$ cat entry29.pdb   # PDB, C-alpha atoms, pLDDT in the B column
MODEL        1
ATOM      1  CA  MET A   1       3.213  19.480  23.440  1.00 55.00           C
ATOM      2  CA  SER A   2      -0.281  20.888  23.496  1.00 50.00           C
ATOM      3  CA  ASP A   3       0.651  23.343  26.287  1.00 54.00           C
ATOM      4  CA  GLN A   4       3.194  25.060  24.049  1.00 54.00           C
ATOM      5  CA  PHE A   5       1.030  25.084  20.907  1.00 55.00           C
ATOM      6  CA  PRO A   6      -2.560  25.364  22.157  1.00 56.00           C
ATOM      7  CA  ASN A   7      -4.082  26.197  18.749  1.00 65.00           C
ATOM      8  CA  ILE A   8      -2.773  23.248  16.737  1.00 77.00           C
ATOM      9  CA  GLY A   9      -3.425  19.531  16.944  1.00 84.00           C
ATOM     10  CA  PHE A  10      -1.093  16.744  17.941  1.00 88.00           C
ATOM     11  CA  GLU A  11      -0.427  15.624  14.351  1.00 88.00           C
ATOM     12  CA  ASP A  12       0.504  19.174  13.323  1.00 89.00           C
ATOM     13  CA  GLN A  13       2.892  19.378  16.261  1.00 89.00           C
ATOM     14  CA  LEU A  14       4.526  16.128  15.157  1.00 90.00           C
ATOM     15  CA  ARG A  15       4.871  17.489  11.608  1.00 89.00           C
ATOM     16  CA  LEU A  16       6.668  20.558  12.984  1.00 90.00           C
ATOM     17  CA  LEU A  17       9.039  18.302  14.926  1.00 89.00           C
ATOM     18  CA  GLN A  18       9.599  16.122  11.876  1.00 86.00           C
ATOM     19  CA  ALA A  19      10.370  19.229   9.819  1.00 84.00           C
ATOM     20  CA  GLY A  20      12.978  20.317  12.382  1.00 83.00           C
ATOM     21  CA  ASP A  21      11.090  23.451  13.481  1.00 87.00           C
ATOM     22  CA  GLU A  22      13.277  25.057  16.167  1.00 87.00           C
ATOM     23  CA  ARG A  23      10.376  26.358  18.288  1.00 88.00           C
ATOM     24  CA  ALA A  24       8.639  22.994  18.152  1.00 89.00           C
ATOM     25  CA  ILE A  25      11.825  21.211  19.243  1.00 89.00           C
ATOM     26  CA  GLU A  26      12.319  23.649  22.132  1.00 89.00           C
ATOM     27  CA  ALA A  27       8.697  23.199  23.237  1.00 89.00           C
ATOM     28  CA  PHE A  28       8.980  19.416  22.912  1.00 90.00           C
ATOM     29  CA  VAL A  29      12.143  19.321  25.014  1.00 89.00           C
ATOM     30  CA  ALA A  30      10.669  21.697  27.610  1.00 88.00           C
ATOM     31  CA  GLN A  31       7.654  19.438  28.032  1.00 89.00           C
ATOM     32  CA  TYR A  32       9.217  15.986  27.886  1.00 89.00           C
ATOM     33  CA  GLU A  33      12.710  16.410  29.348  1.00 88.00           C
ATOM     34  CA  PRO A  34      11.454  16.613  32.963  1.00 88.00           C
ATOM     35  CA  TYR A  35       9.117  13.651  32.379  1.00 85.00           C
ATOM     36  CA  ILE A  36      11.928  11.423  31.083  1.00 86.00           C
ATOM     37  CA  ARG A  37      14.501  12.578  33.627  1.00 83.00           C
ATOM     38  CA  ARG A  38      12.132  11.998  36.524  1.00 83.00           C
ATOM     39  CA  ALA A  39      11.284   8.522  35.266  1.00 79.00           C
ATOM     40  CA  ILE A  40      14.893   7.422  34.749  1.00 77.00           C
ATOM     41  CA  ARG A  41      16.646   9.203  37.653  1.00 73.00           C
ATOM     42  CA  PHE A  42      15.598   6.643  40.269  1.00 66.00           C
ATOM     43  CA  ARG A  43      16.522   3.685  38.100  1.00 63.00           C
ATOM     44  CA  ILE A  44      20.044   5.031  37.647  1.00 62.00           C
ATOM     45  CA  LYS A  45      20.458   5.621  41.382  1.00 59.00           C
ATOM     46  CA  ASP A  46      19.032   2.199  42.267  1.00 57.00           C
ATOM     47  CA  ALA A  47      21.357   0.469  39.812  1.00 51.00           C
ATOM     48  CA  ALA A  48      24.420   2.412  41.031  1.00 52.00           C
ATOM     49  CA  LEU A  49      25.121   3.745  37.548  1.00 52.00           C
ATOM     50  CA  MET A  50      25.745   7.365  38.544  1.00 49.00           C
ATOM     51  CA  ALA A  51      29.434   7.141  37.584  1.00 47.00           C
ATOM     52  CA  ALA A  52      28.582   6.040  34.057  1.00 50.00           C
ATOM     53  CA  ALA A  53      25.705   8.381  33.231  1.00 55.00           C
ATOM     54  CA  ASP A  54      23.002  10.463  34.792  1.00 59.00           C
ATOM     55  CA  SER A  55      19.410  11.224  33.886  1.00 64.00           C
ATOM     56  CA  VAL A  56      20.519  14.066  31.592  1.00 71.00           C
ATOM     57  CA  ASP A  57      22.663  11.681  29.521  1.00 72.00           C
ATOM     58  CA  VAL A  58      19.825   9.213  29.124  1.00 75.00           C
ATOM     59  CA  CYS A  59      17.297  11.973  28.436  1.00 80.00           C
ATOM     60  CA  GLN A  60      19.411  13.585  25.713  1.00 82.00           C
ATOM     61  CA  SER A  61      19.954  10.197  24.118  1.00 82.00           C
ATOM     62  CA  VAL A  62      16.219   9.455  24.190  1.00 86.00           C
ATOM     63  CA  LEU A  63      15.189  12.841  22.765  1.00 88.00           C
ATOM     64  CA  GLY A  64      17.936  12.934  20.130  1.00 86.00           C
ATOM     65  CA  GLY A  65      17.237   9.388  18.967  1.00 87.00           C
ATOM     66  CA  PHE A  66      13.494  10.022  18.900  1.00 90.00           C
ATOM     67  CA  LEU A  67      13.854  13.177  16.776  1.00 88.00           C
ATOM     68  CA  LEU A  68      16.212  11.441  14.336  1.00 86.00           C
ATOM     69  CA  ARG A  69      13.880   8.504  13.858  1.00 87.00           C
ATOM     70  CA  LEU A  70      10.812  10.759  13.691  1.00 88.00           C
ATOM     71  CA  SER A  71      12.521  12.676  10.862  1.00 83.00           C
ATOM     72  CA  ALA A  72      13.083   9.400   9.060  1.00 81.00           C
ATOM     73  CA  GLY A  73       9.396   8.572   9.370  1.00 81.00           C
ATOM     74  CA  ASP A  74       9.981   5.554  11.594  1.00 84.00           C
ATOM     75  CA  TYR A  75       7.173   6.398  14.027  1.00 86.00           C
ATOM     76  CA  VAL A  76       3.428   6.551  13.598  1.00 86.00           C
ATOM     77  CA  LEU A  77       1.886   8.213  16.645  1.00 90.00           C
ATOM     78  CA  HIS A  78      -1.791   8.975  17.088  1.00 90.00           C
ATOM     79  CA  SER A  79      -1.926  10.624  20.495  1.00 91.00           C
ATOM     80  CA  GLU A  80       0.121  12.180  23.233  1.00 91.00           C
ATOM     81  CA  ALA A  81      -0.352   8.959  25.215  1.00 92.00           C
ATOM     82  CA  ASP A  82       1.330   7.070  22.338  1.00 93.00           C
ATOM     83  CA  LEU A  83       4.202   9.563  22.416  1.00 93.00           C
ATOM     84  CA  ARG A  84       4.674   9.294  26.185  1.00 92.00           C
ATOM     85  CA  GLY A  85       4.589   5.507  25.968  1.00 92.00           C
ATOM     86  CA  LEU A  86       7.147   5.498  23.157  1.00 93.00           C
ATOM     87  CA  LEU A  87       9.476   7.880  25.017  1.00 92.00           C
ATOM     88  CA  MET A  88       9.276   5.724  28.152  1.00 89.00           C
ATOM     89  CA  SER A  89       9.961   2.604  26.117  1.00 89.00           C
ATOM     90  CA  ILE A  90      13.021   4.227  24.534  1.00 89.00           C
ATOM     91  CA  ALA A  91      14.226   5.454  27.949  1.00 85.00           C
ATOM     92  CA  LYS A  92      13.870   1.969  29.458  1.00 83.00           C
ATOM     93  CA  LYS A  93      15.793   0.491  26.528  1.00 85.00           C
ATOM     94  CA  LYS A  94      18.601   3.049  26.940  1.00 79.00           C
ATOM     95  CA  PHE A  95      18.739   2.323  30.670  1.00 75.00           C
ATOM     96  CA  SER A  96      18.906  -1.436  30.052  1.00 75.00           C
ATOM     97  CA  MET A  97      21.696  -0.960  27.506  1.00 75.00           C
ATOM     98  CA  LEU A  98      23.618   1.172  29.994  1.00 70.00           C
ATOM     99  CA  ARG A  99      23.134  -1.351  32.796  1.00 68.00           C
ATOM    100  CA  ARG A 100      24.271  -4.252  30.572  1.00 71.00           C
ATOM    101  CA  ARG A 101      27.291  -2.310  29.417  1.00 68.00           C
ATOM    102  CA  GLU A 102      28.263  -1.396  32.965  1.00 64.00           C
ATOM    103  CA  SER A 103      27.792  -4.890  34.360  1.00 63.00           C
ATOM    104  CA  ALA A 104      29.953  -6.531  31.703  1.00 60.00           C
ATOM    105  CA  GLU A 105      32.854  -8.517  33.115  1.00 44.00           C
ATOM    106  CA  LYS A 106      36.172  -6.732  33.598  1.00 46.00           C
ATOM    107  CA  ARG A 107      34.605  -3.320  33.149  1.00 50.00           C
ATOM    108  CA  ASP A 108      37.344  -0.730  32.834  1.00 51.00           C
ATOM    109  CA  ARG A 109      35.972   2.556  34.209  1.00 47.00           C
ATOM    110  CA  ALA A 110      38.665   4.447  32.261  1.00 48.00           C
ATOM    111  CA  LYS A 111      37.008   3.295  29.043  1.00 47.00           C
ATOM    112  CA  THR A 112      33.483   4.244  30.098  1.00 44.00           C
ATOM    113  CA  HIS A 113      31.633   6.488  27.688  1.00 41.00           C
ATOM    114  CA  SER A 114      28.328   8.156  28.314  1.00 37.00           C
ATOM    115  CA  LEU A 115      25.412   7.427  26.028  1.00 37.00           C
ATOM    116  CA  GLU A 116      26.260  10.528  24.055  1.00 35.00           C
ATOM    117  CA  ASN A 117      29.751  11.348  22.803  1.00 36.00           C
ATOM    118  CA  ILE A 118      28.690  14.549  21.078  1.00 35.00           C
ATOM    119  CA  PRO A 119      29.957  17.646  22.917  1.00 37.00           C
ATOM    120  CA  GLU A 120      26.951  19.754  21.901  1.00 36.00           C
ATOM    121  CA  VAL A 121      24.523  17.247  23.381  1.00 37.00           C
ATOM    122  CA  THR A 122      26.236  16.172  26.616  1.00 37.00           C
ATOM    123  CA  GLY A 123      25.829  19.412  28.547  1.00 39.00           C
ATOM    124  CA  HIS A 124      23.757  19.352  31.715  1.00 40.00           C
ATOM    125  CA  SER A 125      21.454  22.059  30.490  1.00 42.00           C
ATOM    126  CA  GLN A 126      17.808  22.666  31.084  1.00 45.00           C
ATOM    127  CA  SER A 127      15.087  22.744  28.475  1.00 49.00           C
ATOM    128  CA  PRO A 128      15.695  25.872  26.292  1.00 52.00           C
ATOM    129  CA  GLU A 129      19.375  25.109  25.828  1.00 56.00           C
ATOM    130  CA  ALA A 130      18.633  21.419  25.343  1.00 58.00           C
ATOM    131  CA  GLY A 131      16.287  22.332  22.503  1.00 57.00           C
ATOM    132  CA  LEU A 132      19.038  24.344  20.851  1.00 56.00           C
ATOM    133  CA  GLU A 133      21.477  21.456  21.331  1.00 67.00           C
ATOM    134  CA  LEU A 134      19.059  19.121  19.584  1.00 67.00           C
ATOM    135  CA  THR A 135      18.651  21.654  16.770  1.00 67.00           C
ATOM    136  CA  GLU A 136      22.450  21.697  16.416  1.00 74.00           C
ATOM    137  CA  LEU A 137      22.419  17.899  16.410  1.00 72.00           C
ATOM    138  CA  ALA A 138      19.838  17.926  13.613  1.00 71.00           C
ATOM    139  CA  MET A 139      22.103  20.222  11.569  1.00 76.00           C
ATOM    140  CA  ARG A 140      25.060  17.868  12.102  1.00 80.00           C
ATOM    141  CA  VAL A 141      22.908  14.966  10.911  1.00 78.00           C
ATOM    142  CA  GLN A 142      21.964  16.879   7.774  1.00 77.00           C
ATOM    143  CA  GLN A 143      25.621  17.549   6.995  1.00 83.00           C
ATOM    144  CA  ARG A 144      26.379  13.814   7.021  1.00 86.00           C
ATOM    145  CA  LEU A 145      23.582  12.727   4.707  1.00 86.00           C
ATOM    146  CA  THR A 146      24.215  12.320   0.984  1.00 88.00           C
ATOM    147  CA  ALA A 147      22.283  14.544  -1.423  1.00 87.00           C
ATOM    148  CA  HIS A 148      19.864  11.689  -2.217  1.00 88.00           C
ATOM    149  CA  GLU A 149      19.349  10.860   1.465  1.00 87.00           C
ATOM    150  CA  TRP A 150      18.797  14.530   2.262  1.00 85.00           C
ATOM    151  CA  GLU A 151      16.258  14.822  -0.571  1.00 87.00           C
ATOM    152  CA  LEU A 152      14.395  11.779   0.746  1.00 87.00           C
ATOM    153  CA  LEU A 153      14.420  13.143   4.292  1.00 84.00           C
ATOM    154  CA  GLN A 154      13.115  16.497   3.066  1.00 83.00           C
ATOM    155  CA  LYS A 155      10.267  14.790   1.217  1.00 86.00           C
ATOM    156  CA  ARG A 156       9.297  12.962   4.429  1.00 84.00           C
ATOM    157  CA  ARG A 157       9.642  16.133   6.487  1.00 80.00           C
ATOM    158  CA  SER A 158       7.356  17.970   4.099  1.00 81.00           C
ATOM    159  CA  GLY A 159       4.633  15.482   4.992  1.00 80.00           C
ATOM    160  CA  LYS A 160       4.685  13.297   1.903  1.00 84.00           C
ATOM    161  CA  SER A 161       3.674   9.691   2.454  1.00 85.00           C
ATOM    162  CA  TRP A 162       5.947   6.839   1.410  1.00 86.00           C
ATOM    163  CA  ASN A 163       3.489   6.005  -1.383  1.00 88.00           C
ATOM    164  CA  GLU A 164       3.643   9.570  -2.733  1.00 90.00           C
ATOM    165  CA  ILE A 165       7.435   9.478  -2.690  1.00 90.00           C
ATOM    166  CA  GLU A 166       7.374   6.063  -4.395  1.00 89.00           C
ATOM    167  CA  ASP A 167       5.229   7.481  -7.205  1.00 92.00           C
ATOM    168  CA  GLU A 168       7.488  10.505  -7.569  1.00 91.00           C
ATOM    169  CA  LEU A 169      10.833   8.688  -7.517  1.00 89.00           C
ATOM    170  CA  LYS A 170       9.659   5.438  -9.165  1.00 91.00           C
ATOM    171  CA  VAL A 171      11.309   3.385  -6.418  1.00 87.00           C
ATOM    172  CA  SER A 172       9.522   1.033  -4.024  1.00 88.00           C
ATOM    173  CA  ALA A 173       8.340   2.692  -0.808  1.00 86.00           C
ATOM    174  CA  THR A 174       9.829  -0.211   1.158  1.00 84.00           C
ATOM    175  CA  VAL A 175      13.232   0.324  -0.441  1.00 86.00           C
ATOM    176  CA  LEU A 176      13.082   4.073   0.167  1.00 87.00           C
ATOM    177  CA  LYS A 177      12.068   3.624   3.791  1.00 85.00           C
ATOM    178  CA  LYS A 178      14.954   1.191   4.352  1.00 83.00           C
ATOM    179  CA  ARG A 179      17.426   3.553   2.654  1.00 85.00           C
ATOM    180  CA  LEU A 180      16.439   6.433   4.879  1.00 85.00           C
ATOM    181  CA  SER A 181      16.375   4.299   8.004  1.00 82.00           C
ATOM    182  CA  ARG A 182      19.862   2.948   7.210  1.00 83.00           C
ATOM    183  CA  ALA A 183      21.128   6.469   6.487  1.00 85.00           C
ATOM    184  CA  ILE A 184      19.813   7.743   9.813  1.00 82.00           C
ATOM    185  CA  HIS A 185      21.354   4.751  11.579  1.00 80.00           C
ATOM    186  CA  ARG A 186      24.709   5.300   9.834  1.00 84.00           C
ATOM    187  CA  VAL A 187      24.766   8.976  10.801  1.00 83.00           C
ATOM    188  CA  ALA A 188      23.758   8.142  14.369  1.00 79.00           C
ATOM    189  CA  VAL A 189      26.713   5.744  14.599  1.00 79.00           C
ATOM    190  CA  GLU A 190      29.039   8.409  13.156  1.00 81.00           C
ATOM    191  CA  LEU A 191      27.828  10.886  15.778  1.00 76.00           C
ATOM    192  CA  GLY A 192      27.944   8.353  18.608  1.00 73.00           C
ATOM    193  CA  ILE A 193      24.182   8.291  19.204  1.00 72.00           C
ATOM    194  CA  GLU A 194      22.524   5.023  20.120  1.00 64.00           C
ATOM    195  CA  LEU A 195      19.080   4.705  18.546  1.00 60.00           C
TER     196      LEU A 195
ENDMDL
END
$ encode --input "entry29.pdb" --output "structure tokens"
Amino acid sequence: MSDQFPNIGFEDQLRLLQAGDERAIEAFVAQYEPYIRRAIRFRIKDAALMAAADSVDVCQSVLGGFLLRLSAGDYVLHSEADLRGLLMSIAKKKFSMLRRRESAEKRDRAKTHSLENIPEVTGHSQSPEAGLELTELAMRVQQRLTAHEWELLQKRRSGKSWNEIEDELKVSATVLKKRLSRAIHRVAVELGIEL
């Protein structure tokens, strides 16, 4: 991310992503999409999973899930190395889920679904368009959140800590964090995104 925003630090870049900044999302996708696709492409070929999904499907699932959970405040990252490690971990998990799903007994290829069932996110686009697709995905997520969930997400996106939100809303930070995490999970299920 530092290539796209040379004058700001890593934490500020993460805050822009968490806030849903369109330019930050586009820069993030431009930098990390090739990294994830390159890492997962060979695994898919080696496992003969090309008919079920390709590196674009896995990549979009990884990036979309990461941005959703980042917005919910689920991740604490201190460096770009932490981010790369997290993205690779998510990609490996998605690949393993795909491989398990495909190797299940009596697999009916007619029922196969890619990792993403959202038309706006499944395109085989390159980085600028992918960033816009993820921005569209973020808007669809926002539309599915209740007013209270949206308010909580906005407080997190604005950079408030869970303790600050707890003091403001007079509700336990643990409860609030679980509410937002469950809301993000619910919306992800509604949109067909595996976190």
$ closest_residue --input "entry29.pdb" --among "A:Ile25, A:Ile90, A:Cys59, A:Ala72" --to "Gln142 (chain A)" --atoms "only C-alpha atoms"
A:Ala72
$ atom_distance --input "entry29.pdb" --atom1 "CA of Ile193 (chain A)" --atom2 "CA of Leu68 (chain A)"
9.9 Å
$ closest_residue --input "entry29.pdb" --among "A:Lys93, A:Ile40, A:Trp150, A:Ala188" --to "Leu67 (chain A)" --atoms "only C-alpha atoms"
A:Ala188
$ closest_residue --input "entry29.pdb" --among "A:Ile8, A:Leu16, A:Val189, A:Leu63" --to "Ala30 (chain A)" --atoms "all atoms listed in the file"
A:Leu63
$ closest_residue --input "entry29.pdb" --among "A:Leu17, A:Leu70, A:Ile165, A:Leu98" --to "Leu86 (chain A)" --atoms "all atoms listed in the file"
A:Leu70
$ closest_residue --input "entry29.pdb" --among "A:Leu77, A:Ala173, A:Val187, A:Ala27" --to "Glu11 (chain A)" --atoms "only C-alpha atoms"
A:Leu77
$ closest_residue --input "entry29.pdb" --among "A:Ser172, A:Gln18, A:Gln31, A:Ser79" --to "Gly159 (chain A)" --atoms "all atoms listed in the file"
A:Gln18
$ resolve_selection --input "entry29.pdb" --expression "the PyMOL selection byres ((chain A and resi 153) around 12)" --output "ChimeraX atom specification"
/A:18-20,68-74,138,141-142,145-152,154-162,165,176-184
$ residues_around --input "entry29.pdb" --residues "region 83-85 of chain A" --least-positions-apart "6" --cutoff "12 Å" --atoms "all atoms listed in the file" --output "short mmCIF file (atom, residue, chain, number, x, y, z; two decimals) with C-alpha atoms, in the frame of the given file"
data_model
loop_
_atom_site.label_atom_id
_atom_site.label_comp_id
_atom_site.auth_asym_id
_atom_site.auth_seq_id
_atom_site.Cartn_x
_atom_site.Cartn_y
_atom_site.Cartn_z
CA MET A 1 3.21 19.48 23.44
CA PHE A 10 -1.09 16.74 17.94
CA GLU A 11 -0.43 15.62 14.35
CA GLN A 13 2.89 19.38 16.26
CA LEU A 14 4.53 16.13 15.16
CA PHE A 28 8.98 19.42 22.91
CA GLN A 31 7.65 19.44 28.03
CA TYR A 32 9.22 15.99 27.89
CA GLU A 33 12.71 16.41 29.35
CA TYR A 35 9.12 13.65 32.38
CA ILE A 36 11.93 11.42 31.08
CA ALA A 39 11.28 8.52 35.27
CA VAL A 62 16.22 9.46 24.19
CA LEU A 63 15.19 12.84 22.76
CA PHE A 66 13.49 10.02 18.90
CA LEU A 67 13.85 13.18 16.78
CA LEU A 70 10.81 10.76 13.69
CA TYR A 75 7.17 6.40 14.03
CA VAL A 76 3.43 6.55 13.60
CA LEU A 77 1.89 8.21 16.64
CA ALA A 91 14.23 5.45 27.95
CA LYS A 92 13.87 1.97 29.46
#
$ atom_distance --input "entry29.pdb" --atom1 "CA of Leu137 (chain A)" --atom2 "CA of Ser61 (chain A)"
11.2 Å
$ atom_distance --input "entry29.pdb" --atom1 "CA of Gly9 (chain A)" --atom2 "CA of Glu80 (chain A)"
10.3 Å
